[in-house]
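Reviewing the structure listed below.
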Amino acid sequence: LDLNGRAEVLLGQFERRYQQELLGGESNSEGETPLNRPWWDLGNVVGQAGAQSNAKLLQSPEQEQQVATKFAPYPWRLTRKSFVQAAKDSLERLEQPSLAIAQAHWSTKNYLPQQESAVWEGLADCYDAGLAQSVGVSNYGPKQLLRVSQRMQERQVPLATAQIQYSLMTYEVATQMNEACEEAQCRLISYSPLCLGLLTGKYTLDKLPRNGNPRRQLFRELLAPGTGTQDLLNTIEAIATEYGKTNSQVAINWALCKGTVPIPGCRTLQQAEENIGATGWRLKDDAVTELEVKAAAVTKPMIQNIFQTR
């Protein structure tokens with residue numbers, strides 16, 4: 001967690017430099033600019049068509065960079081006003097007038113359910129105060145998502161996004177969110193679509209992360225014989241070879257095919273470029289089905305975030 005807000009300061013600096021390089025937000029013959037429409041607002045289109053439209057929008061060189069940030073429901077953030085203040089603090093660091101999306105980092109339902117109301121009302125208050133153009137949630141399961149969606153509808157606040165761990169290694173749990181997001185009319189953001197790097201194909205039982213890395217024991221368990229994980233990785237590799245892509249690109253593209261907005265991590269320029277290579281093309285239906293058959297057969301899926309609700 002970025003406790004001191006340094007990431008927001010750096011992002012704000014990048015945003016201002018980037019805007020200076022744009023072509024001034026030129027409008028078309030109808031007076032519309034690419035900056036008029038937030039990336040998540042696609043006429044409430046959720047699913048494959050929405051993913052294709054969103055990909056085109058994100059590829060526009062003149063698309064304004066829209067900043068979304070998360071507010072952690074720390075134990076001392078017990079009131080709705082504390083979330084409004086958190087939004088103001090973020091905007092001060094970013095030096096921007098408003099956020100594209102103000103998101104709850106997680107739900108408190110599992111450990112402090114009485115705080116959940118403050119989280120929801122605080123997010124809605126941020127929207128009413130003009131501090132955010134929309135709100136979103138993270139680590140909410142289908143049931144809790146529909147509950148917060150109902151409350152936002154009552155307050156006439158747009159719930160733009162729901163973000164969960166979503167990959168071929170969380171197939172059964174993750175895909176339950178597609179229907180919930182469609183009902184809530186929000187976009188599904190898939191974080192960790194490469195399952196902490198496991199789906200890149202770089203790791204095997206004979207080649208695990210280095211000693212001291214917490215992923216070492218986790219990957220040893222996930223890759224154990226009989227779990228079905230290696231069969232899934234072999235299938236990803238075979239499809240990658242067929243399409244002339246990398247394992248990572250196939251795994252990310254699968255998430256795109258499911259109508260989600262993947263946000264894979266990267267530590268190097270090469271990884272960033274590889275991730276970008278997952279866009280601009282599409283897995284055929286038979287490849288998607290083949291991947292999902294193997295994913296459904298995995299007997300030891302990736303562990304869920306501890307804050308993930310049902």
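Ligands are numbered from 1 in the order shown, chains are lettered A, B, ... in the order of the structure tokens, and residues start at 1 in each chain.
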Could you write out, as a ChimeraX atom specification, all the residues of range 92-292 of chain A that DSSP marks as alpha helix (DSSP H)?
/A:92-94,116-128,142-154,171-184,215-222,229-243,247-257,269-276,285-292
Could those residues be written to a file, using C-alpha atoms, as a compact mmCIF listing (two decimals), in the first residue's frame?
# COMPACT_ATOMS: atom_id res chain seq x y z
CA GLU A 92 -4.16 17.53 -3.85
CA ARG A 93 -1.29 15.13 -4.52
CA LEU A 94 -2.43 14.55 -8.10
CA GLU A 116 -19.17 -1.15 5.28
CA SER A 117 -21.88 1.49 5.35
CA ALA A 118 -19.31 4.23 5.92
CA VAL A 119 -17.32 2.94 2.94
CA TRP A 120 -20.31 3.01 0.61
CA GLU A 121 -21.71 6.33 1.80
CA GLY A 122 -18.26 7.89 1.73
CA LEU A 123 -17.73 6.88 -1.90
CA ALA A 124 -21.15 8.23 -2.82
CA ASP A 125 -20.40 11.47 -0.97
CA CYS A 126 -17.21 11.82 -3.04
CA TYR A 127 -19.32 11.68 -6.19
CA ASP A 128 -21.92 14.13 -4.86
CA PRO A 142 -21.08 -11.26 -6.70
CA LYS A 143 -23.47 -10.98 -3.73
CA GLN A 144 -21.75 -8.01 -2.12
CA LEU A 145 -21.33 -6.31 -5.49
CA LEU A 146 -25.07 -6.41 -6.10
CA ARG A 147 -25.69 -5.01 -2.64
CA VAL A 148 -23.41 -2.02 -3.15
CA SER A 149 -24.83 -1.61 -6.67
CA GLN A 150 -28.34 -1.32 -5.22
CA ARG A 151 -27.20 1.32 -2.74
CA MET A 152 -25.47 3.35 -5.45
CA GLN A 153 -28.60 3.20 -7.59
CA GLU A 154 -30.60 4.53 -4.66
CA TYR A 171 -11.50 -19.58 -13.28
CA GLU A 172 -14.49 -20.90 -11.31
CA VAL A 173 -14.64 -18.05 -8.78
CA ALA A 174 -13.70 -15.30 -11.23
CA THR A 175 -16.20 -16.07 -13.96
CA GLN A 176 -19.07 -15.83 -11.47
CA MET A 177 -18.43 -12.09 -11.49
CA ASN A 178 -19.19 -11.66 -15.19
CA GLU A 179 -22.92 -12.14 -14.69
CA ALA A 180 -22.92 -9.99 -11.54
CA CYS A 181 -21.16 -7.13 -13.32
CA GLU A 182 -23.61 -7.36 -16.19
CA GLU A 183 -26.50 -7.07 -13.74
CA ALA A 184 -24.81 -4.19 -11.92
CA ARG A 215 5.81 -17.29 -4.30
CA ARG A 216 8.23 -20.23 -4.11
CA GLN A 217 6.13 -22.39 -1.77
CA LEU A 218 2.88 -21.19 -3.33
CA PHE A 219 3.97 -22.17 -6.84
CA ARG A 220 5.30 -25.51 -5.56
CA GLU A 221 1.82 -26.29 -4.27
CA LEU A 222 0.03 -25.03 -7.37
CA THR A 229 -1.91 -26.75 -13.43
CA GLN A 230 0.85 -28.10 -15.64
CA ASP A 231 -1.75 -29.32 -18.16
CA LEU A 232 -3.16 -25.80 -18.26
CA LEU A 233 0.31 -24.30 -18.77
CA ASN A 234 1.03 -26.78 -21.56
CA THR A 235 -2.21 -25.78 -23.28
CA ILE A 236 -1.38 -22.08 -22.97
CA GLU A 237 2.04 -22.75 -24.51
CA ALA A 238 0.58 -24.76 -27.39
CA ILE A 239 -1.94 -22.01 -28.20
CA ALA A 240 0.77 -19.35 -27.91
CA THR A 241 2.87 -21.24 -30.44
CA GLU A 242 -0.10 -21.60 -32.78
CA TYR A 243 -0.88 -17.87 -32.63
CA ASN A 247 2.18 -17.40 -22.92
CA SER A 248 1.56 -14.10 -21.13
CA GLN A 249 -0.19 -12.62 -24.14
CA VAL A 250 -2.49 -15.63 -24.44
CA ALA A 251 -3.42 -15.48 -20.74
CA ILE A 252 -4.13 -11.74 -20.91
CA ASN A 253 -6.05 -12.04 -24.17
CA TRP A 254 -8.25 -14.71 -22.60
CA ALA A 255 -9.20 -12.19 -19.92
CA LEU A 256 -9.99 -9.67 -22.66
CA CYS A 257 -12.14 -12.26 -24.43
CA LEU A 269 9.97 -2.14 -20.31
CA GLN A 270 10.14 -5.52 -22.05
CA GLN A 271 7.33 -6.87 -19.87
CA ALA A 272 5.24 -3.77 -20.53
CA GLU A 273 5.71 -4.15 -24.28
CA GLU A 274 4.85 -7.83 -24.05
CA ASN A 275 1.66 -7.03 -22.17
CA ILE A 276 0.64 -4.48 -24.80
CA ASP A 285 -13.73 -19.44 -29.64
CA ASP A 286 -12.23 -22.92 -29.83
CA ALA A 287 -9.03 -21.72 -28.15
CA VAL A 288 -11.02 -19.99 -25.39
CA THR A 289 -13.00 -23.17 -24.81
CA GLU A 290 -9.85 -25.31 -24.73
CA LEU A 291 -8.28 -23.03 -22.13
CA GLU A 292 -11.40 -23.05 -19.99
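For the choices A:Gly141, A:Gly212, A:Gly265, A:Gly136, the atom-to-atom distance to Gln185 in chain A is smallest for A:Gly136 when using only C-alpha atoms.
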Which residue gives the smallest distance to Leu99 in chain A among A:Gln114, A:Gln304, A:Gly130, A:Pro75, with only C-alpha atoms counted?
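The answer is A:Gly130, which sits nearest to Leu99 in chain A.
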What does the structure give for the distance between CA of Ser138 in chain A and CA of Thr279 in chain A, in Å to one decimal?
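Pair CA of Ser138 in chain A / CA of Thr279 in chain A returns 23.7 Å.
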CA of Leu194 in chain A to CA of Met169 in chain A: how many Å, to one decimal?
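Rounded to one decimal, the two atoms are 8.5 Å apart.
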Backbone DSSP call of strand (DSSP E or B) for range 68-129 of chain A, listed as JSON, numbers by chain:
{"A": [68, 69, 70, 71, 99, 101, 102, 103, 104]}
Could you write out that same residue set with N, CA, C and O atoms as a PDB file, in the first residue's frame?
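Output (again_13.pdb):
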ATOM      1  N   ALA A  68      -7.789   6.700 -11.654  1.00  0.00           N
ATOM      2  CA  ALA A  68      -8.635   6.058 -10.650  1.00  0.00           C
ATOM      3  C   ALA A  68      -7.741   5.704  -9.465  1.00  0.00           C
ATOM      4  O   ALA A  68      -6.605   5.278  -9.649  1.00  0.00           O
ATOM      5  N   THR A  69      -8.241   5.905  -8.271  1.00  0.00           N
ATOM      6  CA  THR A  69      -7.446   5.562  -7.097  1.00  0.00           C
ATOM      7  C   THR A  69      -8.310   4.787  -6.119  1.00  0.00           C
ATOM      8  O   THR A  69      -9.543   4.804  -6.212  1.00  0.00           O
ATOM      9  N   LYS A  70      -7.657   4.108  -5.202  1.00  0.00           N
ATOM     10  CA  LYS A  70      -8.366   3.299  -4.212  1.00  0.00           C
ATOM     11  C   LYS A  70      -8.205   3.894  -2.821  1.00  0.00           C
ATOM     12  O   LYS A  70      -7.139   4.397  -2.483  1.00  0.00           O
ATOM     13  N   PHE A  71      -9.245   3.771  -2.027  1.00  0.00           N
ATOM     14  CA  PHE A  71      -9.204   4.199  -0.640  1.00  0.00           C
ATOM     15  C   PHE A  71      -9.290   2.960   0.246  1.00  0.00           C
ATOM     16  O   PHE A  71     -10.256   2.200   0.183  1.00  0.00           O
ATOM     17  N   LEU A  99     -11.370  12.853  -9.693  1.00  0.00           N
ATOM     18  CA  LEU A  99     -10.926  11.511 -10.050  1.00  0.00           C
ATOM     19  C   LEU A  99     -11.886  10.918 -11.075  1.00  0.00           C
ATOM     20  O   LEU A  99     -13.079  11.222 -11.059  1.00  0.00           O
ATOM     21  N   ILE A 101     -12.424   7.630 -11.171  1.00  0.00           N
ATOM     22  CA  ILE A 101     -13.116   6.628 -10.338  1.00  0.00           C
ATOM     23  C   ILE A 101     -12.529   6.658  -8.939  1.00  0.00           C
ATOM     24  O   ILE A 101     -11.314   6.566  -8.758  1.00  0.00           O
ATOM     25  N   ALA A 102     -13.375   6.759  -7.944  1.00  0.00           N
ATOM     26  CA  ALA A 102     -12.984   6.621  -6.542  1.00  0.00           C
ATOM     27  C   ALA A 102     -13.394   5.220  -6.106  1.00  0.00           C
ATOM     28  O   ALA A 102     -14.580   4.885  -6.114  1.00  0.00           O
ATOM     29  N   GLN A 103     -12.413   4.387  -5.736  1.00  0.00           N
ATOM     30  CA  GLN A 103     -12.688   2.978  -5.477  1.00  0.00           C
ATOM     31  C   GLN A 103     -12.433   2.587  -4.022  1.00  0.00           C
ATOM     32  O   GLN A 103     -11.508   3.099  -3.389  1.00  0.00           O
ATOM     33  N   ALA A 104     -13.236   1.677  -3.533  1.00  0.00           N
ATOM     34  CA  ALA A 104     -12.970   1.053  -2.241  1.00  0.00           C
ATOM     35  C   ALA A 104     -11.975  -0.075  -2.471  1.00  0.00           C
ATOM     36  O   ALA A 104     -12.201  -0.939  -3.318  1.00  0.00           O
TER      37      ALA A 104
END
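Remark: for Gly244 in chain A, the closest of the candidate residues A:Arg155, A:Trp281, A:Ala87, A:Ala160 is A:Trp281 (distances computed over only C-alpha atoms).
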For CA of Lys88 in chain A and CA of Ile263 in chain A, the interatomic separation in Å (one decimal)
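Rounded to one decimal, the two atoms are 25.3 Å apart.
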